[in-house]
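To start, the structure itself, in structure tokens.
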Amino acid sequence: MKKLLASVVLMAATPLAIAGGQLHLFNWNDYIAEETVTAFEKSCDCQLVQDYYSSTEEMMAKLLAGASGYDVVVPTQNAVQALIKQDFLQALDKAQLSNLKNSDPGFLKRSYDPQNTYSVPYAFTTTLVGYNEKRLSELGINPGNWSIIFDPAVLEKIRGKVTVMDDAEELFAAALKYLGYSINDQDEKHLREAQKVIMKAKPYWAAFNSSSYIKELTVGNIWVAHGYSSDMVQARADAEAAARDFTINFVLPEQGAVLALDNMVIPKDSKNKTLAHQFINFMLDGKNAAALTNEIGAGNPNKAAAEFIDAEIKKQTAIFPDAATLARLETIEATSAKQRRLLNKLWTEIKIK
Amino acid sequence: MQQKSWQQRLLTLPPMGYLLIFFAIPTLIMLFASFRYTGEYGGLAPWYSIENGTLAFDLTLENWQRLFETDIYLRLFFKSIGYALVTTLLCILLGYPLALMIARSQKKHRDLLLLLVILPFWSNFLVRIYAWMIIFSPNGALTQMINSLRDLLGLAPISIMYSATAVITCLVYVHLPFMVLPLYANLEKHNPALLDAAQDLGANRWRRFWRITWPLSLSGVYAGSILVFIPVLGMFAIPDLLGGTDGIMIANVIKQQFVESRDWPFGSVLSMVLTATAVLVVLLGAKIGQQGAR
Amino acid sequence: MTRKNRLLKLVALGAYLFLYLPLFIVIVYSFNDSKLNAEWVGFTFKWYDKLFQNREMLSAAANSLIIATVSAAVATVLGTLAGMAMHQYRLKLLPGLVLAPIAMPDILMGVSLLLFFIMLNMSLGLISITLAHITFCIGFVALSVQARMTAIDRSLTEAARDLGATPWQCFRKITLPLLAPGIIAGALMAFTLSIDDFVITFFVAGVGSSTLPLQIYSMVKIAVTPEVNAISTLLMVLTLILITLTARLYPGALRS
């Protein structure tokens, strides 16, 4: 029995040893193209090992809980800020990043890392509304407004067919926008108001869901989902590939929404910093960056990628916001422990009642 | 005598040492953490500081106060206990006949029948939840069937996915073997002569069951109930995957404190309350069990 | 002793259906040629094919096997000692320590161990998972061994001692062989518990130490492909083989 087990273990473990070492990437789920992974592994003769997270909080919790050994992490801007303050990040060696010149200057030198000492932009997404075009047009509902998620009068017609993100920051941001406040409004009164909006709408929602709404939209179980733009692009493509009798589309609500700028960083305790730089440089290459947009549907902060990006996607203002759209978007800022506690309390109240 | 205590130590110390280090101490650490402050970015703040050469302790009751600040956490506890009770009851309703049937079948079949109960329990727990996700999905056969039936009756279609029904069905499914095994172990030991005697005395089937089998099996029922009740109380994956907007249980909030909110002290407070609840349930169960056995 | 009771049989049959129908559905869908677990499209092996090309899955499987083997081995030794001690001596602390981890909800052990490892500044990974798994496996082995000890006739060991056997000889030649089914059942239980554990692992896992249940959890949560069905089916087949093998080799082990 033991022998049998031992041999099974050995058999299973053998293909793991690979010459060029391993790069441990901690990334959002569905946030890198499969072909990019293979291409990178070929170029470095190494293995890319990925762990995934589905919210910033989850990623921070894992890192702070001592999950050491990641070589590259892809945090959103507010998380970058927090990680820098925690002295968690390795300063990047720009000499090893020859492709940094490809980055769009508009996305560099932002307030969370003014000199890009620790981070370089990876991709960006917006948090918006994905919807089943056929169902909504049948019902005559306009998806381009946060009321589709928060207004009971609208929700009445799509009860049980809506999911919102299981993420306090994102959901409160949307509710604050619906109320006409800033996403980063920390006034307790306004937050309470947002909580009320959420509570009123909650009975109409099917679930809080941050991870499987792609599938739910594609299957047709859910007609409206609050989620990341890149995921909605996927849902649309999946529905098309599965030849469903409806189409999935997405729209930025007119009140404005969250823009999330995701960055590549190297934790201080990375064991393979050269390889980590190699990976970042690889992802900054125009063609590889373009795959993020073409395959994943993320917005692209890379100038050199422009020529490789499908014209069809480029036209989408939800993915590539024009100046007017950009003005309606806000990024979430890092919060203090006290602010988090308040938000957490409001969030728990929502979940329980 | 000397030798005996040497042997005793050899047998006792290694497992005891291991469990002290990896079970007792972590639990105490958790208790301690419930009095500490949260770090600025999550985790724990240092619990002492030295300022001007004097040692100061940075401990607080704030986390415990928060528990009683509103009634939401207590309500959540009661809700979770309610879920656990319903699940336990359903497990008894479904598991008792099953265990009885196995115990009363021919001896050569018993092992196989019992194995058939345990077998699903050995497939991964998440796989079993996943199976129900498929079944409950609005496009799944079950939902379609129910809804076409409701349609015939002129009722509006319902959705089972993301509801309390879905959560409890899955809870029962996952924990049923925990009920059947102790029940079977108990029922199997019953002396059939007792039932025969009762029959000879003219007791009908129901009477025989309620007057003989049921009282004798009570200790099995208690054991099974504890084995079901406690894990259900600490379950977060099922409400997480199948629960709707109000489907969460206490363990979800604990997980939320440790994973999403990074508020470990408050997570520790909730964990300690859950620990106390579990201990209470076990003690209560043991006490009733003892009385029942008498 | 057969009592014909139709109602009883009917409910029991229903219970079996309830137990098996979901698993049956998983197996069927693992051969469905559609990315969405909705309607039946056609028969295919492609999800299995994809699975065997999925390195993350394979490495998670390897992690799971390594962790389960090591923790089952260590827990079996410690649990056997504990089980024997609990049978032979009137102890106060040990039975409590052995039973408490079984009685506590998993999540509590998960979070307290997380705090413990962080306090020790230990990086989370295979080692932390294995240490945690040993902790919750000891109790099950101990109980299984203790139950078997009760069934062993004390006069056998006493006779051996009277005939001049040393305690060690007595243990080696008499107690251990008699105890074997209990130990094996305990070890088997520890192995399956470890390979199946999700909750505790969820909290104490770190970089690159993803186990199969963790991998399945993230797949189930995201629910992108029927690969989940395929891996589930394979896991079921694996446990089935494991059980049959044990039943063949040690016919007594499963019963205790």
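In the structure tokens, chains take the letters A, B, ... in the order shown, each chain's residues start at 1, and ligands count up from 1 in the order shown.
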Restrict the calculation to only C-alpha atoms, then for each residue of chain A with any atom at most 7 Å from an atom of chain B give the closest atom pair and their distance in Å to one decimal, rows by chain and rising residue number, as a tab-separated table.
residue	atom	partner	partner_atom	distance
A:Glu57	CA	B:Glu260	CA	4.7
A:Glu58	CA	B:Glu260	CA	5.1
A:Ala61	CA	B:Val259	CA	5.4
A:Leu64	CA	B:Gly43	CA	6.9
A:Lys202	CA	B:Thr245	CA	6.7
A:Trp205	CA	B:Thr245	CA	6.8
A:Ala206	CA	B:Gly244	CA	5.8
A:Ala207	CA	B:Gly244	CA	4.4
A:Phe208	CA	B:Thr245	CA	5.8
A:Asn221	CA	B:Pro138	CA	5.9
A:Ser336	CA	B:Glu40	CA	6.4
A:Ala337	CA	B:Glu40	CA	5.0
A:Asn344	CA	B:Ser261	CA	6.4
A:Glu349	CA	B:Ile72	CA	6.6
A:Lys351	CA	B:Asp246	CA	5.9
A:Ile352	CA	B:Asp246	CA	6.1
A:Lys353	CA	B:Asp246	CA	7.0
Based on only C-alpha atoms, which of the residues in chain C come within 7 Å of chain A? I want them as a PDB file with all heavy atoms, in the first residue's frame.
ATOM      1  N   LEU C  36     -20.649  24.872 -21.021  1.00  0.00           N
ATOM      2  CA  LEU C  36     -21.593  25.260 -19.984  1.00  0.00           C
ATOM      3  C   LEU C  36     -22.290  24.017 -19.462  1.00  0.00           C
ATOM      4  O   LEU C  36     -22.713  23.179 -20.223  1.00  0.00           O
ATOM      5  CB  LEU C  36     -22.646  26.196 -20.587  1.00  0.00           C
ATOM      6  CG  LEU C  36     -22.080  27.241 -21.526  1.00  0.00           C
ATOM      7  CD1 LEU C  36     -23.182  27.845 -22.356  1.00  0.00           C
ATOM      8  CD2 LEU C  36     -21.363  28.309 -20.729  1.00  0.00           C
ATOM      9  N   LEU C  58      -2.165  19.215 -11.984  1.00  0.00           N
ATOM     10  CA  LEU C  58      -1.290  18.088 -11.690  1.00  0.00           C
ATOM     11  C   LEU C  58      -0.402  18.383 -10.490  1.00  0.00           C
ATOM     12  O   LEU C  58      -0.200  17.540  -9.624  1.00  0.00           O
ATOM     13  CB  LEU C  58      -0.429  17.746 -12.910  1.00  0.00           C
ATOM     14  CG  LEU C  58      -1.206  17.172 -14.100  1.00  0.00           C
ATOM     15  CD1 LEU C  58      -0.266  16.890 -15.252  1.00  0.00           C
ATOM     16  CD2 LEU C  58      -1.940  15.904 -13.705  1.00  0.00           C
ATOM     17  N   SER C  59       0.115  19.618 -10.445  1.00  0.00           N
ATOM     18  CA  SER C  59       0.999  19.906  -9.318  1.00  0.00           C
ATOM     19  C   SER C  59       0.191  19.984  -8.022  1.00  0.00           C
ATOM     20  O   SER C  59       0.670  19.593  -6.958  1.00  0.00           O
ATOM     21  CB  SER C  59       1.819  21.170  -9.564  1.00  0.00           C
ATOM     22  OG  SER C  59       1.124  22.311  -9.166  1.00  0.00           O
ATOM     23  N   ALA C  62      -0.197  16.476  -6.965  1.00  0.00           N
ATOM     24  CA  ALA C  62       1.041  15.989  -6.342  1.00  0.00           C
ATOM     25  C   ALA C  62       1.156  16.521  -4.923  1.00  0.00           C
ATOM     26  O   ALA C  62       1.470  15.777  -3.987  1.00  0.00           O
ATOM     27  CB  ALA C  62       2.249  16.406  -7.177  1.00  0.00           C
ATOM     28  N   LEU C  65      -1.145  14.640  -2.630  1.00  0.00           N
ATOM     29  CA  LEU C  65      -0.671  13.286  -2.324  1.00  0.00           C
ATOM     30  C   LEU C  65       0.476  13.317  -1.318  1.00  0.00           C
ATOM     31  O   LEU C  65       0.512  12.532  -0.374  1.00  0.00           O
ATOM     32  CB  LEU C  65      -0.226  12.579  -3.603  1.00  0.00           C
ATOM     33  CG  LEU C  65      -1.342  11.971  -4.437  1.00  0.00           C
ATOM     34  CD1 LEU C  65      -0.794  11.407  -5.735  1.00  0.00           C
ATOM     35  CD2 LEU C  65      -2.060  10.891  -3.656  1.00  0.00           C
ATOM     36  N   ILE C  66       1.393  14.249  -1.524  1.00  0.00           N
ATOM     37  CA  ILE C  66       2.536  14.336  -0.607  1.00  0.00           C
ATOM     38  C   ILE C  66       2.047  14.664   0.800  1.00  0.00           C
ATOM     39  O   ILE C  66       2.400  13.997   1.779  1.00  0.00           O
ATOM     40  CB  ILE C  66       3.534  15.414  -1.085  1.00  0.00           C
ATOM     41  CG1 ILE C  66       4.191  14.961  -2.400  1.00  0.00           C
ATOM     42  CG2 ILE C  66       4.599  15.666  -0.030  1.00  0.00           C
ATOM     43  CD1 ILE C  66       4.954  16.040  -3.110  1.00  0.00           C
ATOM     44  N   ILE C 118       1.590  32.585  11.784  1.00  0.00           N
ATOM     45  CA  ILE C 118       2.011  33.959  11.554  1.00  0.00           C
ATOM     46  C   ILE C 118       2.845  34.438  12.735  1.00  0.00           C
ATOM     47  O   ILE C 118       3.870  35.085  12.576  1.00  0.00           O
ATOM     48  CB  ILE C 118       0.786  34.892  11.419  1.00  0.00           C
ATOM     49  CG1 ILE C 118      -0.085  34.476  10.268  1.00  0.00           C
ATOM     50  CG2 ILE C 118       1.233  36.339  11.266  1.00  0.00           C
ATOM     51  CD1 ILE C 118       0.524  34.609   8.938  1.00  0.00           C
ATOM     52  N   SER C 123       6.640  30.799   7.119  1.00  0.00           N
ATOM     53  CA  SER C 123       5.975  31.069   5.850  1.00  0.00           C
ATOM     54  C   SER C 123       5.019  29.921   5.568  1.00  0.00           C
ATOM     55  O   SER C 123       5.285  28.762   5.875  1.00  0.00           O
ATOM     56  CB  SER C 123       6.988  31.235   4.724  1.00  0.00           C
ATOM     57  OG  SER C 123       7.519  30.009   4.385  1.00  0.00           O
ATOM     58  N   LEU C 124       3.861  30.283   5.010  1.00  0.00           N
ATOM     59  CA  LEU C 124       2.820  29.293   4.793  1.00  0.00           C
ATOM     60  C   LEU C 124       3.125  28.487   3.540  1.00  0.00           C
ATOM     61  O   LEU C 124       3.541  29.015   2.533  1.00  0.00           O
ATOM     62  CB  LEU C 124       1.471  29.996   4.645  1.00  0.00           C
ATOM     63  CG  LEU C 124       1.078  30.861   5.828  1.00  0.00           C
ATOM     64  CD1 LEU C 124      -0.181  31.637   5.525  1.00  0.00           C
ATOM     65  CD2 LEU C 124       0.899  30.024   7.072  1.00  0.00           C
ATOM     66  N   GLY C 206      -0.092  28.531   1.385  1.00  0.00           N
ATOM     67  CA  GLY C 206       0.670  29.691   0.940  1.00  0.00           C
ATOM     68  C   GLY C 206       0.993  29.585  -0.536  1.00  0.00           C
ATOM     69  O   GLY C 206       0.248  28.986  -1.302  1.00  0.00           O
ATOM     70  N   VAL C 207       2.126  30.154  -0.902  1.00  0.00           N
ATOM     71  CA  VAL C 207       2.512  30.212  -2.303  1.00  0.00           C
ATOM     72  C   VAL C 207       2.827  28.845  -2.871  1.00  0.00           C
ATOM     73  O   VAL C 207       3.571  28.077  -2.275  1.00  0.00           O
ATOM     74  CB  VAL C 207       3.763  31.089  -2.434  1.00  0.00           C
ATOM     75  CG1 VAL C 207       4.131  31.238  -3.888  1.00  0.00           C
ATOM     76  CG2 VAL C 207       3.509  32.419  -1.793  1.00  0.00           C
ATOM     77  N   LYS C 221     -15.758  28.063  -7.983  1.00  0.00           N
ATOM     78  CA  LYS C 221     -16.196  29.438  -7.781  1.00  0.00           C
ATOM     79  C   LYS C 221     -16.276  30.189  -9.101  1.00  0.00           C
ATOM     80  O   LYS C 221     -17.196  30.928  -9.364  1.00  0.00           O
ATOM     81  CB  LYS C 221     -15.231  30.157  -6.833  1.00  0.00           C
ATOM     82  CG  LYS C 221     -15.824  30.303  -5.453  1.00  0.00           C
ATOM     83  CD  LYS C 221     -15.242  31.439  -4.681  1.00  0.00           C
ATOM     84  CE  LYS C 221     -16.333  32.414  -4.375  1.00  0.00           C
ATOM     85  NZ  LYS C 221     -16.024  33.330  -3.291  1.00  0.00           N
ATOM     86  N   ILE C 222     -15.259  29.988  -9.917  1.00  0.00           N
ATOM     87  CA  ILE C 222     -15.246  30.695 -11.191  1.00  0.00           C
ATOM     88  C   ILE C 222     -16.097  29.949 -12.218  1.00  0.00           C
ATOM     89  O   ILE C 222     -16.715  30.546 -13.084  1.00  0.00           O
ATOM     90  CB  ILE C 222     -13.797  30.862 -11.690  1.00  0.00           C
ATOM     91  CG1 ILE C 222     -12.984  31.583 -10.633  1.00  0.00           C
ATOM     92  CG2 ILE C 222     -13.751  31.616 -12.985  1.00  0.00           C
ATOM     93  CD1 ILE C 222     -11.506  31.511 -10.848  1.00  0.00           C
ATOM     94  N   ALA C 223     -16.120  28.614 -12.056  1.00  0.00           N
ATOM     95  CA  ALA C 223     -16.973  27.769 -12.882  1.00  0.00           C
ATOM     96  C   ALA C 223     -16.796  28.000 -14.365  1.00  0.00           C
ATOM     97  O   ALA C 223     -17.752  28.186 -15.089  1.00  0.00           O
ATOM     98  CB  ALA C 223     -18.444  27.960 -12.505  1.00  0.00           C
ATOM     99  N   VAL C 224     -15.571  27.993 -14.830  1.00  0.00           N
ATOM    100  CA  VAL C 224     -15.386  28.254 -16.241  1.00  0.00           C
ATOM    101  C   VAL C 224     -15.486  27.027 -17.121  1.00  0.00           C
ATOM    102  O   VAL C 224     -16.042  27.097 -18.197  1.00  0.00           O
ATOM    103  CB  VAL C 224     -14.062  28.992 -16.532  1.00  0.00           C
ATOM    104  CG1 VAL C 224     -14.285  30.475 -16.460  1.00  0.00           C
ATOM    105  CG2 VAL C 224     -12.978  28.548 -15.610  1.00  0.00           C
TER     106      VAL C 224
END
Find the residues in chain B near chain C: any atom within 7 Å counts, using only C-alpha atoms. Write them as an MDAnalysis selection string. chainID B and resid 8 11:12 14:16 19 22:23 26:27 29:30 94 97:98 101 104:106 120 122:128 130:132 134 139:140 173 230:231 234 241 271 275 278
Using DSSP on the backbone coordinates, identify all residues within region 16-173 of chain B classified as strand (DSSP E); present the result as an MDAnalysis selection string. chainID B and resid 48:51 54:57
Write out as a list in words the residues lying within 6 Å of Cys46 (chain A), counting only C-alpha atoms and excluding same-chain residues fewer than 2 positions away. Gly20, Gly21, Gln22, Glu41 and Cys44 of chain A
Report as a list of chain:residue names all protein, DNA and RNA residues lying within 7 Å of Leu233 (chain B), evaluated on only C-alpha atoms, omitting residues in the same chain fewer than 4 positions from it. B:Ser80, B:Ile81, B:Ala84, B:Phe229
Requested write-out: N, CA and C atoms of the selected residues, as a PDB file, in the first residue's frame:
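Heads up, here's the output in again-v9.pdb:
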ATOM      1  N   SER B  80     -27.589  30.764  12.363  1.00  0.00           N
ATOM      2  CA  SER B  80     -26.741  29.616  12.058  1.00  0.00           C
ATOM      3  C   SER B  80     -27.164  28.412  12.872  1.00  0.00           C
ATOM      4  N   ILE B  81     -27.486  28.660  14.148  1.00  0.00           N
ATOM      5  CA  ILE B  81     -27.936  27.558  14.994  1.00  0.00           C
ATOM      6  C   ILE B  81     -29.238  26.982  14.425  1.00  0.00           C
ATOM      7  N   ALA B  84     -28.426  24.821  11.559  1.00  0.00           N
ATOM      8  CA  ALA B  84     -27.819  23.573  12.020  1.00  0.00           C
ATOM      9  C   ALA B  84     -28.891  22.644  12.579  1.00  0.00           C
ATOM     10  N   PHE B 229     -24.441  18.539  13.761  1.00  0.00           N
ATOM     11  CA  PHE B 229     -24.700  19.901  14.209  1.00  0.00           C
ATOM     12  C   PHE B 229     -23.442  20.778  14.197  1.00  0.00           C
TER      13      PHE B 229
END
A straight line from CA of Lys271 (chain A) to CA of Thr201 (chain C) spans 23.6 Å
So that I can check the surroundings of Glu133 (chain A), please list as a ChimeraX atom specification every protein, DNA and RNA residue that reaches within 9 Å of it, counting only C-alpha atoms and ignoring chain neighbours fewer than 2 positions away. /A:131,135-138,223,246-250
If we count only C-alpha atoms, what is near region 263-265 of chain A at a cut-off of 9 Å, once residues fewer than 6 positions away on the same chain are taken out, given as a ChimeraX atom specification? /A:71-77,80,89-92,118-124,276,280
Create the file for the chosen residues now, containing N, CA, C and O atoms and written as a short mmCIF file (atom, residue, chain, number, x, y, z; two decimals), in the first residue's frame.
data_model
loop_
_atom_site.label_atom_id
_atom_site.label_comp_id
_atom_site.auth_asym_id
_atom_site.auth_seq_id
_atom_site.Cartn_x
_atom_site.Cartn_y
_atom_site.Cartn_z
N ASP A 71 6.78 35.97 -6.94
CA ASP A 71 7.78 36.76 -7.64
C ASP A 71 7.17 38.00 -8.26
O ASP A 71 7.79 39.05 -8.30
N VAL A 72 5.95 37.85 -8.77
CA VAL A 72 5.27 39.02 -9.33
C VAL A 72 3.82 39.00 -8.85
O VAL A 72 3.18 37.95 -8.82
N VAL A 73 3.33 40.17 -8.45
CA VAL A 73 1.94 40.30 -8.05
C VAL A 73 1.33 41.39 -8.92
O VAL A 73 2.05 42.29 -9.38
N VAL A 74 0.02 41.32 -9.16
CA VAL A 74 -0.63 42.30 -10.01
C VAL A 74 -1.71 43.05 -9.22
O VAL A 74 -2.90 42.82 -9.40
N PRO A 75 -1.28 43.95 -8.31
CA PRO A 75 -2.27 44.66 -7.48
C PRO A 75 -2.84 45.89 -8.18
O PRO A 75 -2.20 46.47 -9.06
N THR A 76 -4.02 46.28 -7.75
CA THR A 76 -4.65 47.50 -8.22
C THR A 76 -4.03 48.70 -7.50
O THR A 76 -3.42 48.54 -6.45
N GLN A 77 -4.22 49.89 -8.08
CA GLN A 77 -3.48 51.06 -7.59
C GLN A 77 -3.53 51.28 -6.08
O GLN A 77 -2.52 51.54 -5.45
N VAL A 80 -1.31 48.92 -4.37
CA VAL A 80 0.11 49.26 -4.56
C VAL A 80 0.53 50.26 -3.49
O VAL A 80 1.55 50.09 -2.82
N LEU A 89 7.49 46.01 -1.03
CA LEU A 89 7.88 45.86 -2.43
C LEU A 89 9.35 46.15 -2.69
O LEU A 89 9.99 46.95 -2.02
N GLN A 90 9.85 45.48 -3.69
CA GLN A 90 11.21 45.63 -4.16
C GLN A 90 11.23 46.78 -5.18
O GLN A 90 10.39 46.85 -6.06
N ALA A 91 12.21 47.70 -5.04
CA ALA A 91 12.34 48.73 -6.06
C ALA A 91 12.74 48.06 -7.38
O ALA A 91 13.57 47.16 -7.40
N LEU A 92 12.09 48.49 -8.47
CA LEU A 92 12.37 47.85 -9.75
C LEU A 92 13.69 48.32 -10.32
O LEU A 92 14.08 49.48 -10.16
N TYR A 118 8.28 51.29 -7.82
CA TYR A 118 7.93 49.91 -7.47
C TYR A 118 7.00 49.23 -8.45
O TYR A 118 6.86 48.01 -8.42
N SER A 119 6.32 50.01 -9.26
CA SER A 119 5.26 49.39 -10.05
C SER A 119 5.26 49.89 -11.48
O SER A 119 5.63 51.03 -11.75
N VAL A 120 4.85 49.01 -12.39
CA VAL A 120 4.59 49.45 -13.76
C VAL A 120 3.21 48.96 -14.16
O VAL A 120 2.78 47.89 -13.73
N PRO A 121 2.50 49.77 -14.98
CA PRO A 121 1.13 49.40 -15.31
C PRO A 121 1.04 48.10 -16.11
O PRO A 121 1.89 47.82 -16.95
N TYR A 122 0.01 47.32 -15.82
CA TYR A 122 -0.20 46.03 -16.46
C TYR A 122 -1.40 46.13 -17.41
O TYR A 122 -1.28 45.91 -18.61
N ALA A 123 -2.53 46.49 -16.85
CA ALA A 123 -3.75 46.64 -17.64
C ALA A 123 -4.74 47.39 -16.79
O ALA A 123 -4.50 47.61 -15.61
N PHE A 124 -5.85 47.81 -17.39
CA PHE A 124 -6.86 48.43 -16.55
C PHE A 124 -8.25 47.91 -16.91
O PHE A 124 -8.49 47.44 -18.02
N ALA A 276 11.66 37.59 -12.42
CA ALA A 276 10.51 38.47 -12.23
C ALA A 276 10.62 39.68 -13.16
O ALA A 276 9.65 40.07 -13.82
N ILE A 280 8.15 40.88 -16.26
CA ILE A 280 7.54 42.21 -16.39
C ILE A 280 7.90 42.80 -17.74
O ILE A 280 7.05 43.33 -18.46
#
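For the atom pair formed by CA of Ala334 (chain A) and CA of Leu120 (chain C), the distance is 28.4 Å, given to one decimal.
The space between CA of Leu191 (chain A) and CA of Thr56 (chain A) spans 19.9 Å.
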